[in-house]
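As provided, query.txt (compact mmCIF, C-alpha atoms) reads as follows.
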```txt
# COMPACT_ATOMS: atom_id res chain seq x y z
CA MET A 1 133.18 80.40 119.39
CA SER A 2 132.38 84.06 118.79
CA LYS A 3 135.46 86.05 117.89
CA ILE A 4 133.97 89.09 116.20
CA ILE A 5 131.29 90.89 118.16
CA ALA A 6 129.18 93.75 116.81
CA VAL A 7 127.29 95.97 119.26
CA HIS A 8 124.25 97.48 117.56
CA SER A 9 120.85 99.03 118.28
CA TYR A 10 117.84 100.46 116.49
CA LYS A 11 117.87 103.83 118.22
CA GLY A 12 120.70 106.02 119.44
CA GLY A 13 121.41 106.51 123.14
CA THR A 14 120.79 102.88 124.07
CA GLY A 15 124.28 102.42 125.50
CA LYS A 16 126.12 100.81 122.56
CA THR A 17 129.38 102.68 123.02
CA SER A 18 129.38 102.25 126.78
CA MET A 19 128.67 98.54 126.30
CA SER A 20 131.33 97.98 123.65
CA VAL A 21 134.07 99.89 125.52
CA ASN A 22 133.35 98.04 128.78
CA LEU A 23 132.97 94.68 127.06
CA ALA A 24 136.30 95.09 125.23
CA ALA A 25 138.01 96.33 128.43
CA THR A 26 136.63 93.33 130.35
CA PHE A 27 137.95 90.86 127.75
CA ALA A 28 141.37 92.55 127.98
CA LYS A 29 141.25 92.49 131.79
CA ASN A 30 140.61 88.73 131.51
CA GLY A 31 143.95 88.43 129.72
CA LYS A 32 142.64 88.44 126.15
CA LYS A 33 144.01 90.25 123.11
CA VAL A 34 141.27 92.61 122.00
CA CYS A 35 140.73 95.40 119.50
CA LEU A 36 137.80 97.81 119.71
CA PHE A 37 136.70 99.46 116.45
CA ASP A 38 134.63 102.60 115.97
CA LEU A 39 132.24 102.04 113.06
CA ASP A 40 130.06 105.00 113.95
CA PHE A 41 131.54 107.19 111.21
CA ARG A 42 128.74 109.77 111.43
CA ALA A 43 129.30 110.44 115.12
CA PRO A 44 132.69 109.03 116.14
CA SER A 45 133.14 108.83 119.90
CA LEU A 46 135.87 106.36 120.86
CA PHE A 47 138.48 109.01 120.20
CA ALA A 48 136.99 111.21 122.94
CA ILE A 49 135.90 108.47 125.35
CA LEU A 50 139.30 106.80 125.43
CA LYS A 51 141.02 110.20 125.53
CA VAL A 52 143.24 109.43 122.57
CA GLN A 53 145.70 112.30 122.16
CA LYS A 54 146.73 111.86 118.57
CA ALA A 55 146.28 109.29 115.86
CA GLU A 56 148.28 109.10 112.64
CA ASN A 57 145.64 107.01 110.92
CA TYR A 58 142.05 106.09 111.56
CA PHE A 59 139.78 103.17 110.67
CA ASN A 60 138.54 105.40 107.81
CA ASP A 61 142.05 105.23 106.29
CA TYR A 62 142.08 101.43 106.42
CA LEU A 63 138.66 101.25 104.75
CA ASN A 64 139.79 103.78 102.14
CA ASP A 65 142.72 101.48 101.37
CA ASN A 66 145.20 104.14 102.49
CA CYS A 67 146.92 102.13 105.21
CA GLU A 68 147.27 98.67 106.72
CA ILE A 69 145.04 97.90 109.71
CA ASN A 70 147.89 97.96 112.24
CA LYS A 71 148.73 101.55 111.31
CA ALA A 72 145.23 102.59 112.43
CA MET A 73 145.33 100.69 115.74
CA LEU A 74 146.50 102.23 119.01
CA ASP A 75 147.90 100.11 121.83
CA LEU A 76 146.20 101.13 125.10
CA SER A 77 147.20 97.95 126.98
CA SER A 78 149.02 99.96 129.67
CA ARG A 79 145.65 101.28 130.84
CA ILE A 80 144.37 97.78 131.63
CA PRO A 81 145.61 95.74 134.62
CA GLY A 82 147.10 92.31 133.89
CA ASN A 83 148.66 90.80 130.79
CA GLY A 84 145.79 91.36 128.37
CA LYS A 85 146.17 93.48 125.24
CA PHE A 86 143.79 96.34 124.57
CA TYR A 87 143.90 98.04 121.17
CA VAL A 88 141.56 100.63 119.78
CA CYS A 89 140.91 101.64 116.19
CA PRO A 90 139.08 105.00 116.29
CA ALA A 91 137.06 106.64 113.53
CA ASN A 92 138.16 110.05 112.33
CA PRO A 93 136.12 112.65 114.28
CA SER A 94 136.80 115.59 111.91
CA THR A 95 133.81 117.11 110.10
CA GLU A 96 135.55 116.62 106.78
CA ALA A 97 135.97 112.89 107.43
CA ILE A 98 132.34 112.54 108.54
CA ARG A 99 131.23 114.29 105.36
CA ASP A 100 133.47 112.06 103.26
CA MET A 101 132.13 108.86 104.89
CA SER A 102 128.52 109.99 104.39
CA SER A 103 128.94 110.33 100.65
CA LYS A 104 130.34 106.91 99.76
CA ASP A 105 128.73 104.94 96.93
CA ARG A 106 127.67 101.29 96.82
CA LYS A 107 130.91 100.17 95.16
CA TRP A 108 132.91 101.69 98.00
CA GLU A 109 130.65 100.05 100.58
CA MET A 110 131.15 96.69 98.85
CA ARG A 111 134.93 97.11 99.01
CA ALA A 112 134.65 98.27 102.64
CA LEU A 113 132.78 95.04 103.46
CA GLY A 114 135.64 93.11 101.86
CA ARG A 115 138.20 94.99 104.02
CA ILE A 116 136.15 94.40 107.19
CA LEU A 117 135.80 90.69 106.36
CA ALA A 118 139.57 90.53 105.79
CA LEU A 119 140.17 91.51 109.46
CA ARG A 120 139.36 87.93 110.47
CA GLU A 121 142.35 86.64 108.52
CA THR A 122 144.75 89.48 109.40
CA LEU A 123 143.95 89.97 113.07
CA ILE A 124 142.40 86.74 114.32
CA HIS A 125 144.22 84.11 112.27
CA GLU A 126 147.58 85.80 111.71
CA GLN A 127 148.00 88.10 114.72
CA LYS A 128 146.12 85.87 117.17
CA PHE A 129 143.62 88.41 118.47
CA ASP A 130 140.99 86.80 120.69
CA TYR A 131 138.23 89.33 120.11
CA LEU A 132 137.34 92.15 117.76
CA VAL A 133 134.55 94.40 119.06
CA PHE A 134 132.70 96.65 116.62
CA ASP A 135 130.90 99.69 118.02
CA THR A 136 128.36 100.64 115.34
CA SER A 137 125.97 103.46 114.52
CA PRO A 138 122.26 102.92 115.20
CA GLY A 139 119.70 101.72 112.67
CA LEU A 140 120.18 100.46 109.14
CA GLN A 141 123.37 102.15 107.99
CA TYR A 142 125.88 100.69 105.59
CA SER A 143 128.71 100.70 108.15
CA SER A 144 126.56 98.96 110.78
CA ILE A 145 125.27 96.28 108.43
CA ASN A 146 128.80 95.68 107.16
CA ALA A 147 129.83 95.11 110.78
CA ILE A 148 126.88 92.77 111.38
CA VAL A 149 127.67 90.72 108.27
CA ALA A 150 131.29 90.31 109.41
CA ALA A 151 130.39 89.47 113.03
CA ASP A 152 129.95 86.08 114.67
CA PHE A 153 127.73 87.48 117.40
CA VAL A 154 125.58 90.60 117.58
CA VAL A 155 124.88 92.29 120.91
CA VAL A 156 121.66 94.26 120.50
CA ALA A 157 121.26 97.08 123.02
CA THR A 158 117.70 98.18 123.67
CA THR A 159 115.69 100.08 126.24
CA GLY A 160 112.08 99.62 127.30
CA ASP A 161 111.13 102.76 125.37
CA ARG A 162 108.23 102.30 122.95
CA SER A 163 110.13 104.12 120.18
CA ASP A 164 112.87 101.52 120.48
CA VAL A 165 110.95 98.26 121.09
CA ASP A 166 109.09 97.95 117.77
CA GLY A 167 112.10 98.94 115.70
CA THR A 168 114.33 96.47 117.54
CA LYS A 169 111.83 93.66 116.93
CA ARG A 170 111.70 94.54 113.25
CA MET A 171 115.49 94.60 113.01
CA LEU A 172 115.74 91.20 114.70
CA ALA A 173 113.32 89.73 112.16
CA GLU A 174 114.42 91.57 109.05
CA LEU A 175 118.14 92.10 109.53
CA TYR A 176 119.88 89.68 111.90
CA ASN A 177 117.66 86.74 110.95
CA LEU A 178 118.20 87.28 107.23
CA PHE A 179 121.96 87.11 107.78
CA GLU A 180 121.52 84.14 110.14
CA LYS A 181 123.34 85.91 112.99
CA LYS A 182 123.63 84.71 116.55
CA THR A 183 122.14 87.49 118.64
CA GLY A 184 121.97 88.41 122.33
CA LEU A 185 119.79 91.17 123.71
CA VAL A 186 120.93 93.64 126.36
CA LEU A 187 118.08 95.43 128.05
CA ASN A 188 119.57 98.70 129.20
CA LYS A 189 118.42 101.38 131.65
CA VAL A 190 116.03 99.02 133.42
CA LEU A 191 114.14 100.55 136.36
CA ASP A 192 114.02 98.49 139.55
CA PRO A 193 115.16 95.03 138.39
CA SER A 194 116.17 94.21 142.00
CA ALA A 195 113.70 91.46 142.98
CA THR A 196 114.87 88.06 141.73
CA SER A 197 111.33 86.90 140.90
CA LYS A 198 110.84 90.00 138.81
CA LYS A 199 114.14 89.33 137.05
CA THR A 200 113.08 85.83 135.95
CA GLU A 201 109.69 87.14 134.92
CA MET A 202 111.33 89.84 132.80
CA GLN A 203 113.76 87.37 131.25
CA ASN A 204 110.88 85.13 130.14
CA LYS A 205 108.91 88.10 128.83
CA ILE A 206 111.88 89.30 126.78
CA LYS A 207 112.47 85.85 125.32
CA ALA A 208 108.80 85.63 124.37
CA ASP A 209 108.65 89.20 123.02
CA TYR A 210 111.87 89.34 121.04
CA GLN A 211 112.45 85.63 120.32
CA VAL A 212 116.15 85.97 121.14
CA PRO A 213 118.11 85.12 124.27
CA LEU A 214 118.74 87.76 126.88
CA LEU A 215 122.45 88.42 127.33
CA GLY A 216 121.94 90.76 130.28
CA MET A 217 119.86 93.38 132.01
CA VAL A 218 121.49 96.64 133.05
CA PRO A 219 119.73 98.76 135.67
CA CYS A 220 119.62 102.51 135.28
CA PHE A 221 122.71 103.46 137.31
CA CYS A 222 122.89 107.16 138.16
CA GLU A 223 126.66 106.80 138.68
CA VAL A 224 127.10 105.78 135.05
CA LEU A 225 125.28 108.92 133.91
CA ARG A 226 127.15 111.07 136.43
CA ALA A 227 130.48 109.76 135.14
CA GLU A 228 129.64 111.58 131.88
CA GLY A 229 131.77 109.16 129.92
CA ASN A 230 134.87 110.28 131.80
CA PHE A 231 135.99 106.82 132.80
CA ILE A 232 135.60 103.17 131.86
CA PHE A 233 133.77 101.37 134.65
CA ALA A 234 135.20 97.93 133.87
CA GLN A 235 138.67 99.40 134.28
CA ASP A 236 138.30 102.16 136.90
CA LYS A 237 135.51 100.75 139.08
CA PRO A 238 135.74 96.95 138.78
CA ASP A 239 133.58 96.41 141.88
CA HIS A 240 130.68 98.54 140.68
CA PRO A 241 127.52 96.48 139.87
CA PHE A 242 127.64 97.78 136.27
CA SER A 243 131.16 96.36 135.79
CA LYS A 244 130.01 93.06 137.29
CA ILE A 245 127.05 92.82 134.90
CA VAL A 246 129.33 93.52 131.91
CA SER A 247 131.74 90.91 133.26
CA GLU A 248 128.90 88.34 133.38
CA MET A 249 128.00 89.17 129.77
CA ALA A 250 131.63 88.81 128.66
CA ASN A 251 131.73 85.47 130.44
CA LYS A 252 128.62 84.25 128.64
CA ILE A 253 130.11 85.22 125.28
CA GLU A 254 133.51 83.69 126.14
CA THR A 255 132.04 80.39 127.28
CA ASN A 256 129.39 80.39 124.54
CA GLU A 257 126.66 80.17 127.14
CA VAL A 258 124.07 82.34 125.50
CA GLU A 259 120.96 80.18 125.79
CA TYR A 260 118.94 79.52 122.66
CA MET B 261 119.89 49.47 63.01
CA ILE B 262 119.87 50.91 66.46
CA ARG B 263 118.66 47.65 67.84
CA ASN B 264 121.49 45.86 66.07
CA GLY B 265 124.05 48.31 67.44
CA LEU B 266 122.79 47.90 70.98
CA SER B 267 122.67 44.12 70.77
CA ASN B 268 126.40 44.05 70.11
CA LYS B 269 127.20 45.74 73.46
CA LYS B 270 127.24 44.12 76.84
CA PRO B 271 124.00 44.59 78.77
CA MET B 272 125.92 45.91 81.81
CA ASN B 273 127.40 48.77 79.78
CA ILE B 274 123.99 49.74 78.53
CA LEU B 275 122.57 49.70 82.02
CA GLU B 276 125.43 51.87 83.27
CA LYS B 277 124.81 54.37 80.51
CA ILE B 278 121.12 54.45 81.33
CA GLU B 279 121.95 55.01 84.99
CA GLN B 280 124.31 57.89 84.14
CA SER B 281 121.68 59.49 81.92
CA LEU B 282 119.06 59.15 84.62
CA GLU B 283 121.43 60.74 87.13
CA ARG B 284 122.02 63.70 84.81
CA LEU B 285 118.28 64.04 84.26
CA ASN B 286 117.69 63.84 87.99
CA ASN B 287 120.20 66.63 88.65
CA LYS B 288 118.58 68.84 86.04
CA MET B 289 115.10 68.15 87.45
CA GLU B 290 116.34 68.98 90.95
CA VAL B 291 117.62 72.35 89.76
CA MET B 292 114.39 73.06 87.87
CA ILE B 293 112.24 72.17 90.88
CA GLU B 294 114.37 74.30 93.19
CA ILE B 295 114.29 77.31 90.87
CA GLN B 296 110.54 76.95 90.27
CA LYS B 297 109.95 76.62 94.01
CA ASN B 298 111.77 79.87 94.68
CA ASN B 299 110.25 81.74 91.77
CA SER B 300 106.67 80.83 92.64
CA GLY B 301 106.78 82.78 95.95
CA ASN B 302 106.30 86.53 96.00
CA SER B 303 109.68 87.06 97.68
CA THR B 304 111.50 87.07 94.36
CA LYS B 305 112.35 90.46 92.98
CA VAL B 306 113.54 91.05 89.49
CA ALA B 307 117.17 91.93 89.88
CA PRO B 308 118.94 94.25 87.50
CA MET B 309 121.04 92.50 84.88
CA LEU B 310 123.99 94.81 85.03
CA PRO B 311 127.41 93.78 83.80
CA ASP B 312 129.06 95.08 86.98
CA ALA B 313 126.42 95.36 89.74
CA SER B 314 127.76 95.77 93.28
CA LEU B 315 127.17 93.10 95.88
CA ASP B 316 126.88 95.44 98.86
CA VAL B 317 124.94 94.72 102.06
CA MET B 318 121.77 96.54 100.97
CA THR B 319 121.72 94.43 97.79
CA LEU B 320 122.22 91.31 99.89
CA LEU B 321 119.31 92.34 102.12
CA SER B 322 116.96 92.80 99.17
CA MET B 323 117.80 89.43 97.58
CA PRO B 324 115.51 86.42 97.87
CA ASP B 325 116.64 84.13 100.71
CA HIS B 326 117.91 81.30 98.50
CA LEU B 327 120.24 83.60 96.53
CA ARG B 328 121.41 85.51 99.64
CA LYS B 329 122.55 82.26 101.21
CA THR B 330 124.74 81.50 98.21
CA ALA B 331 125.97 85.09 97.80
CA MET B 332 126.98 85.27 101.49
CA ILE B 333 129.26 82.26 101.06
CA ILE B 334 131.15 83.95 98.24
CA CYS B 335 131.22 87.19 100.26
CA ARG B 336 132.92 85.45 103.16
CA ALA B 337 135.17 83.11 101.18
CA GLY B 338 136.02 85.60 98.45
CA ARG B 339 136.06 82.79 95.92
CA ALA B 340 134.58 79.29 95.76
CA THR B 341 133.40 76.49 93.49
CA ALA B 342 129.78 75.27 93.43
CA GLU B 343 130.91 72.19 95.32
CA GLU B 344 132.53 74.26 98.10
CA ALA B 345 129.40 76.42 98.37
CA ALA B 346 127.21 73.29 98.51
CA SER B 347 129.29 71.86 101.36
CA GLN B 348 128.37 74.92 103.45
CA THR B 349 124.72 75.30 102.50
CA THR B 350 124.08 71.52 102.47
CA ARG B 351 122.12 71.97 99.24
CA ALA B 352 122.86 69.89 96.14
CA ARG B 353 125.90 70.94 94.10
CA ALA B 354 123.75 71.28 90.98
CA VAL B 355 121.37 73.62 92.83
CA GLU B 356 124.26 75.76 94.11
CA SER B 357 125.71 75.85 90.61
CA ALA B 358 122.37 77.14 89.25
CA TYR B 359 122.20 79.91 91.89
CA LEU B 360 125.84 80.91 91.37
CA ASN B 361 125.30 81.18 87.63
CA GLN B 362 122.15 83.20 88.25
CA LEU B 363 124.23 85.63 90.36
CA VAL B 364 126.78 85.83 87.52
CA ILE B 365 124.01 86.69 85.02
CA MET B 366 122.73 89.36 87.44
CA GLY B 367 126.21 90.90 87.41
CA TYR B 368 126.97 90.33 91.11
CA LEU B 369 129.58 87.61 90.69
CA LYS B 370 132.29 86.80 88.20
CA LYS B 371 133.12 83.29 86.95
CA GLU B 372 136.50 81.94 86.02
CA ARG B 373 137.40 78.50 84.70
CA LYS B 374 140.60 76.77 85.78
CA GLY B 375 140.94 73.34 84.22
CA ARG B 376 137.76 71.46 84.91
CA LYS B 377 136.78 73.66 87.86
CA ALA B 378 134.69 76.84 87.72
CA TYR B 379 135.39 79.43 90.40
CA PHE B 380 132.92 82.14 91.40
CA TYR B 381 134.17 85.37 92.98
CA ILE B 382 133.34 88.99 93.74
CA ASP B 383 135.25 91.55 91.74
CA ARG B 384 135.88 94.09 94.51
CA GLU B 385 138.77 95.76 92.74
CA SER B 386 136.88 97.00 89.69
CA LYS B 387 136.53 100.78 90.14
CA SER B 388 133.88 101.33 87.50
```
Would you mind writing the file's structure down as structure tokens?
Amino acid sequence: MSKIIAVHSYKGGTGKTSMSVNLAATFAKNGKKVCLFDLDFRAPSLFAILKVQKAENYFNDYLNDNCEINKAMLDLSSRIPGNGKFYVCPANPSTEAIRDMSSKDRKWEMRALGRILALRETLIHEQKFDYLVFDTSPGLQYSSINAIVAADFVVVATTGDRSDVDGTKRMLAELYNLFEKKTGLVLNKVLDPSATSKKTEMQNKIKADYQVPLLGMVPCFCEVLRAEGNFIFAQDKPDHPFSKIVSEMANKIETNEVEY
Amino acid sequence: MIRNGLSNKKPMNILEKIEQSLERLNNKMEVMIEIQKNNSGNSTKVAPMLPDASLDVMTLLSMPDHLRKTAMIICRAGRATAEEAASQTTRARAVESAYLNQLVIMGYLKKERKGRKAYFYIDRESKS
């Protein structure tokens, strides 16, 4: 069963952060104990999206060996209905921290991988978390590949854009395959996927094109764009089609029903 | 003289010894075949033989597949014997042992002996 999920993409703007926030919120809404991590150290965004007022420590501090992981996690469970637990571990959004994270050497990255791998023991085995969700930065960056190596399942967000398609295919063949990762593709910002026949046709085409199972297709919802990242759909608009699609994806991951 | 020495022993003992020797030879041949198989392809890159090379993800990505598989096991487990690694890769213990030792020579792993067992691990704490 997949416990650690990394959300990744080749290009930016494919909906990774939106997907990871809503996926984590959905797991929590389903009564699970979840922690969402920001591994996009070059452009941290969870801090702003989840409207975190103040954090004593960030994920950066844990990776720098300056604090234990729990000191960098914030409990936002009160924002989610039900008995689930929703924690977030934001990345430090200050320019200084971004600069610091961009200038790390290979030795540091190796130790960081060790600290990320250790989360399985600390959070999943000892503290009984059900899911850890890693929001990553696009492309082949150290932090993203570290997250992929540590993950059980990689959600790959992509759009139909030509600039994205080729790169995503290359990444599937030359990154996820090399690390033998289970992968599910999310086709985002799809125009007119309404007709059922068209949906099946698209699903088959994606399987043939990318050689990985399709986790879900997300239509281009104007409401999501209009929301301007001001609220979490899974939490604030549970009946919206977007929330329902994310819920279906969460279900597939939870029940291990991603078809291969 | 040799013939005289052998004739004094029980034939069963001799056969057992021959069998053990053949088994050892077989293991060595298996390792040689496996290494030759992987070296004949063009995927193999000459890795730096540094005393303290870092096993980061970019290094893992640039490794030949057969070594990455072994290195990933140590990455996840932190520390393992050749036998433990072989149980996960389903390759022969002798083959795993050869790859692990190759990674030690390349400077990516460290090796430590405890009794009869040899443990392979990543030295993440070294700050050099």
Write out, as a tab-separated table, each residue of chain A that has an atom at most 9 Å from chain B, together with the closest pair of atoms and their distance in Å to one decimal, counting only C-alpha atoms, rows going by chain and rising number.
```
residue	atom	partner	partner_atom	distance
A:Arg106	CA	B:Asp316	CA	6.2
A:Lys107	CA	B:Ser314	CA	5.7
A:Trp108	CA	B:Lys387	CA	8.7
A:Glu109	CA	B:Asp316	CA	6.2
A:Met110	CA	B:Asp316	CA	4.4
A:Arg111	CA	B:Arg384	CA	5.5
A:Leu113	CA	B:Asp316	CA	7.5
A:Gly114	CA	B:Arg384	CA	7.4
A:Leu117	CA	B:Arg336	CA	6.8
A:Ala118	CA	B:Arg336	CA	8.8
A:Tyr142	CA	B:Val317	CA	7.0
A:Ile145	CA	B:Val317	CA	6.6
A:Asn146	CA	B:Val317	CA	6.5
A:Val149	CA	B:Val317	CA	7.9
A:Ala150	CA	B:Arg336	CA	8.1
A:Glu174	CA	B:Leu321	CA	8.5
A:Leu175	CA	B:Leu321	CA	7.5
A:Leu178	CA	B:Leu321	CA	7.3
A:Phe179	CA	B:Leu321	CA	8.1
```
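Across the structure, atom CA of A:Ile5 and atom CA of A:Phe86 are spaced 15.1 Å apart.
Taking atom CA of B:Ile365 and atom CA of A:Leu63 as the two end points, the separation is 28.6 Å.
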| Which polymer residues have any atom within 12 Å of an atom of A:Leu119, counting all atoms listed in the file, with same-chain residues fewer than 3 positions away left out, as a PyMOL selection string? | (chain A and resi 3-4+35+37+59+62-63+68-70+112-116+122-129+131-134+147+150-151) or (chain B and resi 336)
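Nearest residue to A:Lys51, choosing from A:Ile232, A:Met171, A:Lys16, A:Cys67 and counting all atoms listed in the file: A:Ile232.
Each of A:Asn188, A:Asn30, A:Ser77, A:Asn256 was checked against A:Asp152 using only C-alpha atoms; the smallest atom-to-atom distance is that of A:Asn256.
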| So what do you get for atom CA of A:Val154 versus atom CA of A:Gly82, distance-wise? | 27.1 Å
| said: When you count all atoms listed in the file, which of these residues is closest to B:Ser347: B:Met289, B:Val364, B:Pro271, B:Ile333? | reply: B:Ile333
